[in-house]
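Engineer: Contents of start13.cif (mmCIF, C-alpha atoms) are given next:
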```cif
data_input
#
loop_
_atom_site.label_atom_id
_atom_site.label_comp_id
_atom_site.auth_asym_id
_atom_site.auth_seq_id
_atom_site.Cartn_x
_atom_site.Cartn_y
_atom_site.Cartn_z
CA MET V 9 -28.01 -39.10 36.02
CA ALA V 10 -25.76 -36.81 33.95
CA SER V 11 -22.02 -37.61 34.25
CA ALA V 12 -19.80 -35.48 36.46
CA ASN V 13 -17.69 -34.37 33.47
CA LEU V 14 -20.78 -33.26 31.57
CA VAL V 15 -22.14 -31.37 34.54
CA GLN V 16 -18.76 -29.73 35.09
CA GLU V 17 -18.66 -28.55 31.48
CA LEU V 18 -22.14 -27.08 31.91
CA THR V 19 -21.41 -25.36 35.23
CA CYS V 20 -21.15 -21.56 35.49
CA PRO V 21 -17.71 -20.57 36.92
CA ILE V 22 -19.38 -17.81 38.98
CA CYS V 23 -22.41 -19.41 40.65
CA LEU V 24 -21.13 -23.01 40.26
CA GLU V 25 -24.59 -24.13 39.09
CA VAL V 26 -25.71 -25.52 35.74
CA PHE V 27 -25.97 -22.63 33.25
CA ALA V 28 -29.15 -20.57 33.31
CA ASP V 29 -29.63 -18.43 30.21
CA PRO V 30 -25.92 -18.74 29.35
CA VAL V 31 -24.01 -16.12 27.34
CA PHE V 32 -20.48 -16.16 25.94
CA LEU V 33 -17.90 -13.38 25.88
CA GLU V 34 -15.52 -12.37 23.08
CA CYS V 35 -12.84 -14.60 24.61
CA GLY V 36 -15.14 -17.65 24.24
CA HIS V 37 -15.91 -18.32 27.93
CA HIS V 38 -19.51 -18.92 29.10
CA PHE V 39 -21.37 -17.62 32.15
CA CYS V 40 -24.96 -17.29 33.30
CA GLY V 41 -26.35 -14.07 31.90
CA ALA V 42 -27.41 -12.84 35.34
CA CYS V 43 -24.03 -13.81 36.89
CA ILE V 44 -21.83 -11.88 34.46
CA SER V 45 -24.19 -8.89 34.60
CA GLN V 46 -23.93 -8.86 38.38
CA VAL V 47 -20.12 -9.08 38.32
CA TRP V 48 -19.73 -6.37 35.70
CA GLY V 49 -22.33 -4.21 37.44
CA ARG V 50 -19.88 -3.67 40.29
CA VAL V 51 -17.17 -2.36 37.89
CA SER V 52 -16.91 1.05 36.24
CA GLY V 53 -15.03 1.46 32.98
CA ASP V 54 -13.38 -1.50 31.23
CA VAL V 55 -14.41 -5.00 32.30
CA SER V 56 -12.69 -8.37 32.11
CA CYS V 57 -13.49 -12.06 31.83
CA PRO V 58 -13.69 -13.58 35.36
CA GLN V 59 -12.05 -16.73 34.01
CA CYS V 60 -9.15 -15.65 31.74
CA ARG V 61 -8.97 -11.94 32.77
CA GLN V 62 -9.04 -10.67 29.16
CA VAL V 63 -10.01 -6.98 29.25
CA PHE V 64 -12.89 -5.64 27.12
CA VAL V 65 -13.62 -2.03 26.29
CA GLN V 66 -17.25 -2.82 25.46
CA ARG V 67 -19.55 -5.01 27.51
CA ASN V 68 -20.58 -7.33 24.70
CA THR V 69 -22.21 -10.68 25.47
CA ARG V 70 -24.02 -13.05 23.14
CA PRO V 71 -26.66 -15.61 24.08
CA ALA V 72 -25.58 -19.25 23.73
CA HIS V 73 -28.90 -20.69 22.61
CA ILE V 74 -27.75 -24.23 21.87
CA LEU V 75 -25.76 -24.46 25.09
CA SER V 76 -28.80 -23.15 26.95
CA ASN V 77 -30.91 -25.98 25.52
CA VAL V 78 -28.31 -28.59 26.46
CA ALA V 79 -28.01 -27.16 30.00
CA GLU V 80 -31.75 -27.16 30.42
CA GLN V 81 -31.97 -30.80 29.35
CA VAL V 82 -29.21 -31.77 31.79
CA ARG V 83 -30.92 -29.82 34.53
CA GLN V 84 -34.18 -31.63 33.87
CA LEU V 85 -32.31 -34.92 33.69
CA ARG V 86 -30.74 -34.28 37.10
CA VAL V 87 -34.09 -33.32 38.58
CA THR V 88 -35.65 -36.38 37.03
CA ALA V 89 -32.92 -38.66 38.38
CA GLU V 90 -33.15 -37.14 41.83
CA ARG V 91 -36.90 -37.47 41.94
CA THR V 92 -37.30 -40.75 40.11
CA GLU V 93 -38.89 -42.34 43.12
CA GLU V 94 -41.49 -39.56 43.27
CA PHE V 95 -42.55 -39.92 39.62
CA VAL V 96 -45.65 -42.11 39.21
CA CYS V 97 -48.02 -42.65 36.35
CA ARG V 98 -51.09 -40.48 36.75
CA GLU V 99 -53.27 -43.06 35.00
CA HIS V 100 -52.09 -46.27 36.69
CA ASP V 101 -50.43 -44.93 39.86
CA GLU V 102 -47.36 -46.97 39.05
CA LYS V 103 -43.72 -45.88 39.13
CA LEU V 104 -42.34 -44.58 35.85
CA LYS V 105 -39.73 -47.16 34.89
CA LEU V 106 -39.86 -47.12 31.10
CA PHE V 107 -39.15 -44.54 28.39
CA CYS V 108 -41.05 -44.44 25.10
CA GLN V 109 -38.66 -43.37 22.36
CA VAL V 110 -41.51 -42.60 19.99
CA GLU V 111 -43.47 -40.33 22.33
CA GLN V 112 -40.29 -39.21 24.11
CA GLU V 113 -41.88 -39.63 27.55
CA MET V 114 -41.53 -41.76 30.68
CA ILE V 115 -44.23 -44.41 31.22
CA CYS V 116 -45.02 -47.17 33.68
CA LEU V 117 -44.98 -50.93 33.03
CA VAL V 118 -48.75 -50.97 32.47
CA CYS V 119 -48.48 -48.17 29.90
CA GLY V 120 -45.78 -50.15 28.15
CA LEU V 121 -48.22 -53.05 27.66
CA SER V 122 -51.09 -50.83 26.56
CA ALA V 123 -52.27 -50.52 22.98
CA GLN V 124 -51.01 -46.93 22.89
CA HIS V 125 -47.39 -47.99 23.34
CA LYS V 126 -47.53 -51.63 22.26
CA MET V 127 -46.00 -50.92 18.84
CA HIS V 128 -43.53 -48.29 20.17
CA ASN V 129 -39.88 -48.78 21.00
CA VAL V 130 -39.89 -48.79 24.81
CA ILE V 131 -36.69 -49.09 26.90
CA PRO V 132 -35.83 -48.81 30.61
CA ILE V 133 -35.39 -45.31 32.00
CA LYS V 134 -31.76 -45.90 33.01
CA GLU V 135 -30.94 -47.08 29.51
CA ALA V 136 -32.70 -44.03 28.03
CA ALA V 137 -30.87 -41.71 30.42
CA GLN V 138 -27.51 -43.26 29.51
CA ALA V 139 -28.27 -42.90 25.80
CA LEU V 140 -29.35 -39.29 26.31
CA LYS V 141 -26.23 -38.56 28.36
CA GLU V 142 -24.02 -39.94 25.59
CA LYS V 143 -25.95 -37.93 23.02
CA LEU V 144 -25.62 -34.75 25.07
CA GLU V 145 -21.92 -35.32 25.64
CA GLU V 146 -21.41 -35.78 21.90
CA SER V 147 -23.45 -32.63 21.25
CA LEU V 148 -21.33 -30.79 23.78
CA LYS V 149 -18.13 -31.87 22.01
CA LEU V 150 -19.51 -30.67 18.70
CA LEU V 151 -20.64 -27.41 20.26
CA GLN V 152 -17.25 -26.88 21.86
CA GLU V 153 -15.50 -27.52 18.55
CA GLN V 154 -17.89 -25.13 16.82
CA MET V 155 -17.17 -22.60 19.53
CA ASN V 156 -13.41 -23.07 19.09
CA GLN V 157 -13.76 -22.63 15.33
CA SER V 158 -15.86 -19.52 15.82
CA VAL V 159 -13.32 -18.08 18.27
CA ARG V 160 -10.48 -18.83 15.84
CA SER V 161 -12.48 -17.29 13.02
CA LYS V 162 -13.15 -14.22 15.15
CA GLN V 163 -9.49 -13.91 16.09
CA ALA V 164 -8.45 -14.33 12.45
CA GLY V 165 -10.95 -11.67 11.41
CA GLU V 166 -9.70 -9.28 14.08
CA ALA V 167 -6.09 -9.96 13.06
CA ALA V 168 -6.97 -9.33 9.41
CA ILE V 169 -8.69 -6.05 10.27
CA GLN V 170 -5.74 -4.96 12.40
CA GLY V 171 -3.33 -6.03 9.65
CA LEU V 172 -5.26 -3.95 7.13
CA LYS V 173 -5.29 -0.98 9.50
CA ASP V 174 -1.54 -1.30 10.10
CA GLN V 175 -0.94 -1.54 6.35
CA VAL V 176 -3.09 1.54 5.63
CA ASP V 177 -1.45 3.49 8.47
CA GLY V 178 2.02 2.57 7.20
CA GLN V 179 1.18 3.49 3.63
CA SER V 180 -0.41 6.77 4.77
CA CYS V 181 2.71 7.70 6.72
CA GLU V 182 4.85 6.87 3.70
CA ILE V 183 2.61 8.91 1.38
CA ARG V 184 2.70 11.90 3.71
CA ALA V 185 6.48 11.66 4.08
CA GLU V 186 7.10 11.39 0.32
CA PHE V 187 4.76 14.26 -0.54
CA GLU V 188 6.19 16.39 2.27
CA LYS V 189 9.65 15.95 0.74
CA MET V 190 8.29 17.03 -2.64
CA HIS V 191 6.34 19.94 -1.11
CA GLN V 192 9.41 21.09 0.82
CA PHE V 193 11.57 20.84 -2.30
CA LEU V 194 9.04 22.80 -4.37
CA ARG V 195 8.62 25.44 -1.65
CA GLU V 196 12.38 25.97 -1.53
CA LYS V 197 12.61 26.15 -5.33
CA GLN V 198 9.69 28.57 -5.44
CA GLN V 199 11.40 30.80 -2.87
CA GLN V 200 14.70 30.65 -4.79
CA MET V 201 13.04 31.54 -8.10
CA GLU V 202 11.06 34.41 -6.57
CA ALA V 203 14.16 35.74 -4.80
CA GLU V 204 16.17 35.62 -8.03
CA LEU V 205 13.34 37.34 -9.87
CA ARG V 206 13.25 40.11 -7.25
CA ARG V 207 17.05 40.56 -7.41
CA GLU V 208 17.03 40.96 -11.19
CA ALA V 209 14.01 43.26 -11.04
CA ASP V 210 15.69 45.38 -8.33
CA LYS V 211 18.80 45.80 -10.54
CA ILE V 212 16.73 47.04 -13.47
CA GLN V 213 14.59 49.25 -11.24
CA THR V 214 17.72 50.84 -9.69
CA GLN V 215 19.02 51.75 -13.17
CA LEU V 216 15.64 53.15 -14.18
CA GLU V 217 15.38 55.21 -10.99
CA ASN V 218 18.89 56.62 -11.48
CA ASN V 219 18.02 57.69 -15.03
CA LEU V 220 14.80 59.20 -13.77
CA LYS V 221 16.63 61.21 -11.07
CA ARG V 222 19.10 62.55 -13.66
CA ALA V 223 16.22 63.58 -15.91
CA VAL V 224 14.44 65.37 -13.04
CA ASP V 225 17.64 67.24 -12.05
CA GLU V 226 18.24 68.26 -15.67
CA ILE V 227 14.69 69.54 -16.02
CA SER V 228 15.18 71.69 -12.92
CA SER V 229 18.43 73.15 -14.31
CA ILE V 230 16.89 73.88 -17.70
CA GLU V 231 13.86 75.55 -16.11
CA GLU V 232 16.19 77.81 -14.14
CA VAL V 233 18.02 78.87 -17.35
CA ILE V 234 14.74 79.41 -19.16
CA GLN V 235 13.56 81.74 -16.39
CA GLY V 236 16.85 83.72 -16.68
CA VAL V 237 16.49 84.05 -20.46
CA LYS V 238 12.87 85.19 -20.16
CA ALA V 239 13.83 87.79 -17.58
CA ARG V 240 16.62 89.15 -19.80
CA LEU V 241 14.27 89.39 -22.79
CA GLU V 242 11.96 91.60 -20.78
CA ILE V 243 14.74 94.28 -20.43
CA GLN V 244 14.15 97.09 -22.94
CA ASP V 245 17.40 98.93 -22.37
CA PRO V 246 20.14 97.66 -24.76
CA GLN V 247 22.85 98.13 -22.19
CA GLY V 248 20.86 96.21 -19.64
CA LEU V 249 20.12 93.45 -22.17
CA LEU V 250 23.84 93.03 -22.99
CA LYS V 251 25.13 93.21 -19.42
CA ASP V 252 26.93 89.95 -18.50
CA ILE V 253 25.46 88.39 -21.63
CA GLN V 254 28.43 86.03 -21.98
CA ALA V 255 27.60 84.24 -18.69
CA LEU V 256 23.95 83.94 -19.72
CA LEU V 257 24.84 82.53 -23.13
CA LYS V 258 27.21 80.08 -21.49
CA ARG V 259 24.41 78.83 -19.22
CA CYS V 260 22.20 78.37 -22.29
CA GLU V 261 24.81 76.03 -23.70
CA LEU V 262 24.44 73.50 -20.84
CA PRO V 263 25.21 70.03 -22.14
CA VAL V 264 22.07 67.91 -22.42
CA SER V 265 22.63 64.41 -20.99
CA ARG V 266 20.90 61.57 -22.69
CA PRO V 267 20.51 58.63 -20.20
CA GLY V 268 21.31 55.28 -21.61
CA VAL V 269 18.43 53.03 -22.59
CA VAL V 270 17.70 50.54 -19.86
CA SER V 271 16.05 47.30 -21.01
CA VAL V 272 13.12 46.25 -18.87
CA ASP V 273 13.37 42.70 -20.17
CA LEU V 274 14.42 40.22 -17.51
CA PRO V 275 17.39 37.92 -18.25
CA GLU V 276 16.39 34.95 -20.33
CA ASP V 277 17.23 32.41 -17.63
CA VAL V 278 14.82 34.27 -15.31
CA ALA V 279 12.12 35.19 -17.81
CA GLU V 280 11.78 31.75 -19.40
CA GLY V 281 9.86 30.35 -16.47
CA ARG V 282 8.55 27.26 -18.23
CA LEU V 283 12.04 26.01 -19.00
CA ARG V 284 13.01 26.67 -15.40
CA TYR V 285 10.03 24.56 -14.29
CA LEU V 286 11.37 21.77 -16.47
CA LYS V 287 14.73 22.11 -14.73
CA VAL V 288 13.00 21.95 -11.35
CA TRP V 289 11.09 18.85 -12.43
CA LYS V 290 14.35 17.17 -13.39
CA GLU V 291 15.96 18.18 -10.12
CA MET V 292 12.98 16.83 -8.19
CA ARG V 293 13.81 13.33 -9.43
CA ALA V 294 16.52 13.31 -6.78
CA VAL V 295 13.84 13.84 -4.13
CA VAL V 296 11.26 11.32 -5.33
CA SER V 297 12.00 7.70 -4.45
CA PRO V 298 12.03 5.53 -6.37
CA VAL V 299 12.53 7.04 -9.83
CA PRO V 300 13.74 5.35 -13.02
CA GLU V 301 17.32 4.38 -12.21
CA TRP V 302 20.24 4.45 -14.59
CA LEU V 303 21.35 0.95 -15.51
CA THR V 304 23.63 -0.64 -18.08
CA LEU V 305 23.64 -4.13 -19.51
CA ASP V 306 26.46 -6.55 -18.75
CA PRO V 307 27.98 -7.81 -22.05
CA ASP V 308 29.61 -10.75 -20.24
CA THR V 309 26.14 -12.18 -19.51
CA ALA V 310 24.61 -11.70 -23.00
CA HIS V 311 23.77 -14.78 -25.07
CA ASN V 312 25.99 -14.93 -28.15
CA GLN V 313 23.04 -14.27 -30.47
CA LEU V 314 22.35 -10.94 -28.78
CA VAL V 315 24.01 -7.63 -29.64
CA LEU V 316 24.21 -4.69 -27.23
CA SER V 317 24.31 -1.01 -28.13
CA LYS V 318 27.54 0.93 -27.54
CA ASP V 319 26.07 2.68 -24.51
CA LEU V 320 24.96 -0.75 -23.13
CA MET V 321 21.39 0.51 -22.85
CA SER V 322 19.63 -1.70 -25.43
CA VAL V 323 19.72 -5.27 -26.69
CA LYS V 324 18.44 -6.99 -29.83
CA TYR V 325 18.45 -10.46 -31.33
CA THR V 326 20.79 -10.96 -34.31
CA GLY V 327 19.77 -14.43 -35.50
CA SER V 328 23.37 -15.57 -35.81
CA ARG V 329 26.00 -16.62 -33.31
CA GLN V 330 28.73 -14.07 -32.59
CA ASN V 331 32.32 -14.93 -31.90
CA LEU V 332 32.30 -13.95 -28.22
CA GLN V 333 34.78 -14.93 -25.57
CA ASP V 334 33.56 -17.65 -23.24
CA HIS V 335 32.57 -16.37 -19.84
CA PRO V 336 31.07 -18.17 -16.81
CA LYS V 337 28.38 -15.48 -16.52
CA ARG V 338 27.17 -15.88 -20.12
CA PHE V 339 23.77 -17.44 -20.85
CA GLU V 340 24.24 -20.41 -23.21
CA LYS V 341 20.68 -21.61 -23.86
CA ILE V 342 18.29 -18.69 -23.24
CA LEU V 343 18.42 -15.29 -25.00
CA ASN V 344 19.04 -13.43 -21.74
CA VAL V 345 21.21 -10.51 -20.68
CA LEU V 346 21.50 -9.10 -17.14
CA SER V 347 22.12 -5.63 -15.81
CA SER V 348 25.64 -4.86 -14.68
CA GLN V 349 24.25 -3.58 -11.39
CA GLY V 350 22.85 -5.96 -8.77
CA PHE V 351 20.74 -5.22 -5.70
CA THR V 352 20.59 -6.73 -2.21
CA SER V 353 18.42 -4.11 -0.49
CA GLY V 354 16.22 -1.06 -0.99
CA ARG V 355 13.50 0.04 -3.38
CA HIS V 356 14.27 0.35 -7.09
CA TYR V 357 12.34 1.22 -10.24
CA TRP V 358 13.35 0.77 -13.88
CA GLU V 359 11.63 1.31 -17.20
CA VAL V 360 12.16 -0.65 -20.40
CA TYR V 361 10.90 0.47 -23.79
CA VAL V 362 9.38 -2.56 -25.52
CA GLY V 363 7.93 -0.59 -28.42
CA TYR V 364 5.95 -2.68 -30.88
CA LYS V 365 7.71 -5.97 -30.22
CA THR V 366 5.48 -9.04 -30.39
CA GLU V 367 7.56 -11.11 -27.96
CA TRP V 368 9.78 -10.27 -25.00
CA VAL V 369 10.48 -11.31 -21.42
CA VAL V 370 11.51 -8.76 -18.76
CA GLY V 371 11.89 -8.92 -14.98
CA VAL V 372 14.44 -9.69 -12.27
CA CYS V 373 16.37 -12.84 -11.41
CA ARG V 374 18.77 -14.22 -8.85
CA GLU V 375 22.44 -13.83 -9.65
CA SER V 376 22.90 -17.57 -9.21
CA VAL V 377 20.41 -18.69 -11.90
CA ASN V 378 21.63 -21.51 -14.11
CA ARG V 379 23.09 -20.19 -17.36
CA ASP V 380 24.16 -23.28 -19.28
CA ARG V 381 20.87 -25.17 -19.66
CA ASP V 382 17.34 -24.54 -20.83
CA HIS V 383 14.76 -24.15 -18.04
CA THR V 384 11.51 -22.44 -17.13
CA THR V 385 11.66 -18.82 -16.02
CA THR V 386 9.65 -19.25 -12.82
CA PRO V 387 10.16 -18.06 -9.23
CA ALA V 388 11.18 -21.62 -8.32
CA GLU V 389 14.09 -21.26 -10.79
CA GLY V 390 14.94 -17.77 -9.49
CA TYR V 391 13.03 -15.67 -12.08
CA TRP V 392 10.30 -13.10 -11.43
CA VAL V 393 9.42 -11.99 -14.96
CA ILE V 394 6.55 -10.92 -17.18
CA ASP V 395 6.10 -11.51 -20.91
CA VAL V 396 4.24 -9.75 -23.69
CA ILE V 397 1.99 -12.73 -24.39
CA SER V 398 0.28 -12.26 -21.04
CA HIS V 399 -0.61 -8.65 -21.86
CA GLN V 400 -1.26 -8.43 -25.57
CA GLU V 401 -4.57 -6.65 -24.96
CA ILE V 402 -2.84 -3.76 -23.11
CA LYS V 403 -0.83 -2.49 -26.12
CA LEU V 404 2.14 -1.96 -23.83
CA ARG V 405 4.96 0.31 -25.09
CA LYS V 406 6.86 1.06 -21.89
CA LEU V 407 7.21 -1.42 -19.02
CA GLY V 408 7.89 -0.34 -15.42
CA ILE V 409 9.56 -2.78 -13.00
CA TYR V 410 9.48 -2.08 -9.24
CA LEU V 411 11.62 -4.01 -6.75
CA HIS V 412 11.14 -3.74 -2.98
CA TYR V 413 13.86 -6.09 -1.73
CA GLU V 414 13.01 -6.13 1.99
CA ARG V 415 9.31 -6.66 1.29
CA GLY V 416 10.06 -9.44 -1.21
CA GLN V 417 8.02 -7.71 -3.89
CA VAL V 418 8.45 -7.42 -7.67
CA SER V 419 5.70 -5.46 -9.43
CA PHE V 420 5.13 -4.58 -13.07
CA TYR V 421 3.36 -1.48 -14.44
CA ASN V 422 2.40 0.12 -17.71
CA GLY V 423 5.13 2.77 -17.75
CA ASP V 424 2.92 5.29 -19.60
CA ASN V 425 0.03 5.45 -17.13
CA MET V 426 1.40 3.41 -14.15
CA CYS V 427 -1.45 0.91 -14.44
CA HIS V 428 -0.60 -2.15 -12.32
CA LEU V 429 -0.06 -5.36 -14.30
CA HIS V 430 1.21 -8.02 -11.90
CA THR V 431 3.00 -8.49 -8.56
CA TYR V 432 5.17 -11.34 -7.25
CA THR V 433 5.67 -11.75 -3.49
CA ASP V 434 8.56 -13.90 -2.35
CA SER V 435 11.58 -13.94 -0.03
CA PHE V 436 14.90 -12.69 -1.41
CA THR V 437 18.19 -13.90 0.03
CA GLU V 438 20.77 -12.99 -2.62
CA LYS V 439 21.67 -10.36 -5.19
CA LEU V 440 19.05 -9.64 -7.88
CA HIS V 441 19.59 -8.29 -11.41
CA LEU V 442 17.31 -6.84 -14.06
CA ILE V 443 16.95 -9.37 -16.89
CA LEU V 444 15.98 -8.72 -20.54
CA ASN V 445 15.10 -11.26 -23.21
CA PRO V 446 14.23 -9.74 -26.64
CA CYS V 447 13.25 -13.20 -27.99
CA ASP V 448 13.97 -14.48 -31.48
CA TYR V 449 11.85 -13.85 -34.57
CA GLU V 450 11.07 -15.28 -37.99
CA THR V 451 9.77 -12.02 -39.46
CA GLY V 452 10.60 -8.38 -38.83
CA ASP V 453 7.67 -7.92 -36.43
CA ASN V 454 9.86 -8.62 -33.41
CA SER V 455 13.15 -7.15 -34.59
CA GLU V 456 13.06 -4.04 -32.39
CA PRO V 457 15.49 -3.88 -29.46
CA LEU V 458 14.60 -3.72 -25.79
CA THR V 459 15.87 -0.40 -24.42
CA LEU V 460 16.53 0.80 -20.88
CA LEU V 461 15.02 4.22 -20.11
CA THR V 462 16.29 6.69 -17.53
CA THR V 463 13.75 9.54 -17.84
#
```
Just give me the structure of the file as structure tokens.
Structural biologist:
Amino acid sequence: MASANLVQELTCPICLEVFADPVFLECGHHFCGACISQVWGRVSGDVSCPQCRQVFVQRNTRPAHILSNVAEQVRQLRVTAERTEEFVCREHDEKLKLFCQVEQEMICLVCGLSAQHKMHNVIPIKEAAQALKEKLEESLKLLQEQMNQSVRSKQAGEAAIQGLKDQVDGQSCEIRAEFEKMHQFLREKQQQMEAELRREADKIQTQLENNLKRAVDEISSIEEVIQGVKARLEIQDPQGLLKDIQALLKRCELPVSRPGVVSVDLPEDVAEGRLRYLKVWKEMRAVVSPVPEWLTLDPDTAHNQLVLSKDLMSVKYTGSRQNLQDHPKRFEKILNVLSSQGFTSGRHYWEVYVGYKTEWVVGVCRESVNRDRDHTTTPAEGYWVIDVISHQEIKLRKLGIYLHYERGQVSFYNGDNMCHLHTYTDSFTEKLHLILNPCDYETGDNSEPLTLLTT
């Protein structure tokens, strides 16, 4: 007879009988198909697992075919054990006490001696039942482990999907926020430029309208004089023609005003719209985050075979040692120089012009990196860098470096087209600096400097 533990594992928690057509829920628990349908049939809306109470929006169940087969075998085994005394051989009318492992059937003692089973492996029924029970119990363990693995896989898949959704939602919110800032900035600039254009146009139009009004008034005055002169010329009598002639002649000598010329050209700072757009673009850099930040190089960190420009924006290899003052921050073995500025939070972006150099190393490093010995520039040593050798096929001229401190991310881009090159993901716990290494050279192919860019 099947063991109590085995039967318990194969018992439906609802009807407390061995599973019949078992199904399993998303939480991994099993029930008879009819039992769970009956329970859920009494509920409207969301349903839950009767065992662990996990709530489900959809009523999804899946048939447990292998478990159904195991349950059916146990059920038959229980029925067989309970009715052993009733089972008799139809051919010999003897009790079935043996089990043929070849034919996989119960037989009587006479059958066991017959020619049909003489060469078969025949064992007592109790021994066969015990062997089957052990086999079923082992199968159940394997099935349960497979179920656990499937549940874990399902949970991992759901977590991954949710993680992706959360990541997309977060990035979408960030995109909308960043573009809304740019849109708002551009809308305000557009309104300012249009308002300034209208103000300047209104000034010019006011001058033009004033000149026009003066011209209209003058025309009216001249027409009135002309009418008086014409009327006097129609008088035939000399005395009448000369009467009050002095007043008429004086009116004919009205001064003619000549309005000043009003230029309709808008002021240059208003008319040259394209240059104003350039100004707006430069101003918008304060809105966009991140943008290429202004950095300088720290001369106290530069290897003594490196020379920095006066503005501390570029570095090149000299090939000879310089007489520099010793400093604890100076690199002694590697041709490195760090930025003067360090960062312990936030998002930052820098660009470095690498030009046509054949060798260089650029990235970020921890402030505490060792400076007096030679070592590998790896994350384990505190370096997150990229070198030209890894990207010779890209024909890189401008390198973009993006640091997201809180996210533990250092990414590299082609600064001309923002094509992604590589990303490190780590955990940052101390101040980070931009690091440049122009590398040495035997020929002039690598003699160009590395230069920090700010636009």
Engineer: Any idea what's packed within 9 Å of His383 (chain V), counting all atoms listed in the file, ignoring anything in its chain fewer than 6 positions away? Could you give it as a ChimeraX atom specification?
Structural biologist: /V:341-342,389
Engineer: As a check of understanding, name the residues that the PyMOL selection byres ((chain V and resi 337) around 10) selects in the supplied structure, as a PyMOL selection string.
Structural biologist: chain V and resi 306-311+334-336+338-340+345-346+375-380
Engineer: Pick the closest to Tyr449 (chain V) from V:Ile230, V:Leu140, V:Val63, V:Leu343: which is it, counting all atoms listed in the file?
Structural biologist: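 Distance minimum relative to Tyr449 (chain V) lands on V:Leu343.
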Engineer: Distance CA of Glu146 (chain V)-CA of Val78 (chain V), one decimal place?
Structural biologist: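 If I compute the distance from CA of Glu146 (chain V) to CA of Val78 (chain V), I get 11.0 Å.
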Engineer: Report the residues retrieved by the PyMOL selection byres ((chain V and resi 431-433) around 6) from the displayed file, expressed as a PyMOL selection string.
Structural biologist: chain V and resi 416-419+430+434
